[in-house]
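Asker: Provided herewith is a single structure, encoded as structure tokens, for subsequent inquiry.
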Amino acid sequence: MAKAKKVTKKDLVEVVAAKVGTTKKDATEAVNVVFDEITKTLDKGGEVDVAGFGKFVVKKRAARTGVNPATGEKIKIAATKVPGFKAAKALKDAVK
């Protein structure tokens, strides 16, 4: 089985520029706007729902006790928020 290709932001820009028929500069701006809006919305605690693709959400991780592997000492890990993604059924089906 062949190794899956890694797609970078640069690759996305090139695809957008080619499909829309615009310059790479304009495509870069468009891709940046999309990512910036997703980031801003999540930062405010919102969700971004892209039909047929999935939903970007903010998940809360509760505070917990961990162990320092070097010393075995117990440490407290503070509660935090992390970005999450829930794939839409159409995306799950496409990946099968």
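Letters A, B, ... go to the chains of the structure tokens in the order shown; residues in each chain start at 1; ligands are counted from 1 in the same order.
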Would you mind listing what lies within 12 Å of stretch 64-69 of chain A as a short mmCIF file (atom, residue, chain, number, x, y, z; two decimals) with all heavy atoms, in the first residue's frame, with only C-alpha atoms counted and same-chain residues fewer than 4 positions away left out?
Answerer:
data_model
loop_
_atom_site.label_atom_id
_atom_site.label_comp_id
_atom_site.auth_asym_id
_atom_site.auth_seq_id
_atom_site.Cartn_x
_atom_site.Cartn_y
_atom_site.Cartn_z
N GLU A 73 6.99 11.77 41.07
CA GLU A 73 6.23 12.70 41.90
C GLU A 73 4.89 13.02 41.25
O GLU A 73 4.79 13.20 40.04
CB GLU A 73 7.04 14.00 42.06
CG GLU A 73 6.35 15.09 42.81
CD GLU A 73 7.17 16.40 42.80
OE1 GLU A 73 8.28 16.40 42.25
OE2 GLU A 73 6.64 17.37 43.32
N LYS A 74 3.84 13.09 42.08
CA LYS A 74 2.52 13.45 41.56
C LYS A 74 2.47 14.96 41.33
O LYS A 74 2.99 15.72 42.15
CB LYS A 74 1.42 13.03 42.52
CG LYS A 74 1.25 11.53 42.58
CD LYS A 74 0.04 11.14 43.39
CE LYS A 74 -0.13 9.63 43.33
NZ LYS A 74 -1.36 9.19 43.94
N ILE A 75 1.87 15.35 40.20
CA ILE A 75 1.73 16.77 39.88
C ILE A 75 0.29 17.05 39.49
O ILE A 75 -0.42 16.16 39.01
CB ILE A 75 2.68 17.19 38.74
CG1 ILE A 75 2.46 16.33 37.49
CG2 ILE A 75 4.13 17.13 39.17
CD1 ILE A 75 3.23 16.78 36.27
N LYS A 76 -0.14 18.29 39.71
CA LYS A 76 -1.48 18.69 39.32
C LYS A 76 -1.41 19.30 37.93
O LYS A 76 -0.56 20.15 37.65
CB LYS A 76 -2.05 19.70 40.31
CG LYS A 76 -2.36 19.09 41.64
CD LYS A 76 -3.08 20.05 42.55
CE LYS A 76 -3.40 19.36 43.87
NZ LYS A 76 -4.28 20.15 44.70
N ILE A 77 -2.30 18.85 37.06
CA ILE A 77 -2.39 19.38 35.70
C ILE A 77 -3.68 20.20 35.65
O ILE A 77 -4.77 19.69 35.95
CB ILE A 77 -2.41 18.24 34.67
CG1 ILE A 77 -1.15 17.39 34.79
CG2 ILE A 77 -2.56 18.81 33.26
CD1 ILE A 77 -1.16 16.13 33.97
N ALA A 78 -3.55 21.46 35.31
CA ALA A 78 -4.68 22.38 35.31
C ALA A 78 -5.68 22.04 34.21
O ALA A 78 -5.34 21.45 33.18
CB ALA A 78 -4.18 23.81 35.14
N ALA A 79 -6.93 22.45 34.42
CA ALA A 79 -7.96 22.31 33.40
C ALA A 79 -7.59 23.20 32.21
O ALA A 79 -6.93 24.24 32.38
CB ALA A 79 -9.32 22.73 33.96
N THR A 80 -8.00 22.79 31.03
CA THR A 80 -7.66 23.56 29.83
C THR A 80 -8.72 23.34 28.76
O THR A 80 -9.55 22.45 28.87
CB THR A 80 -6.26 23.17 29.31
OG1 THR A 80 -5.88 24.04 28.27
CG2 THR A 80 -6.23 21.75 28.80
#
Asker: Quick one: residues within 7 Å of stretch 86-94 of chain A, only C-alpha atoms, excluding same-chain residues fewer than 4 positions away - as a PyMOL selection string?
Answerer: chain A and resi 52-56
Asker: When you count only C-alpha atoms, which of these residues is closest to A:Ala63: A:Lys81, A:Val13, A:Lys3, A:Lys96?
Answerer: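 Between A:Lys81, A:Val13, A:Lys3, A:Lys96, the residue approaching A:Ala63 most closely is A:Lys81.
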Asker: Would you mind listing, for every residue of stretch 54-94 of chain A within 9 Å of stretch 18-42 of chain A, the two atoms forming the shortest contact and the distance between them in Å to one decimal, using only C-alpha atoms, sorted by chain and ascending residue number, as JSON lines?
Answerer:
{"residue": "A:Phe56", "atom": "CA", "partner": "A:Leu42", "partner_atom": "CA", "distance": 7.7}
{"residue": "A:Val57", "atom": "CA", "partner": "A:Leu42", "partner_atom": "CA", "distance": 6.6}
{"residue": "A:Val58", "atom": "CA", "partner": "A:Leu42", "partner_atom": "CA", "distance": 6.2}
{"residue": "A:Pro83", "atom": "CA", "partner": "A:Leu42", "partner_atom": "CA", "distance": 7.3}
Asker: Which distance in Å separates atom CA of A:Asp43 and atom CA of A:Arg61, to one decimal?
Answerer: 15.4 Å
Asker: For atom CA of A:Val82 and atom CA of A:Asp49, quote the distance in Å rounded to one decimal.
Answerer: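 Result for atom CA of A:Val82 versus atom CA of A:Asp49: 16.8 Å, one decimal.
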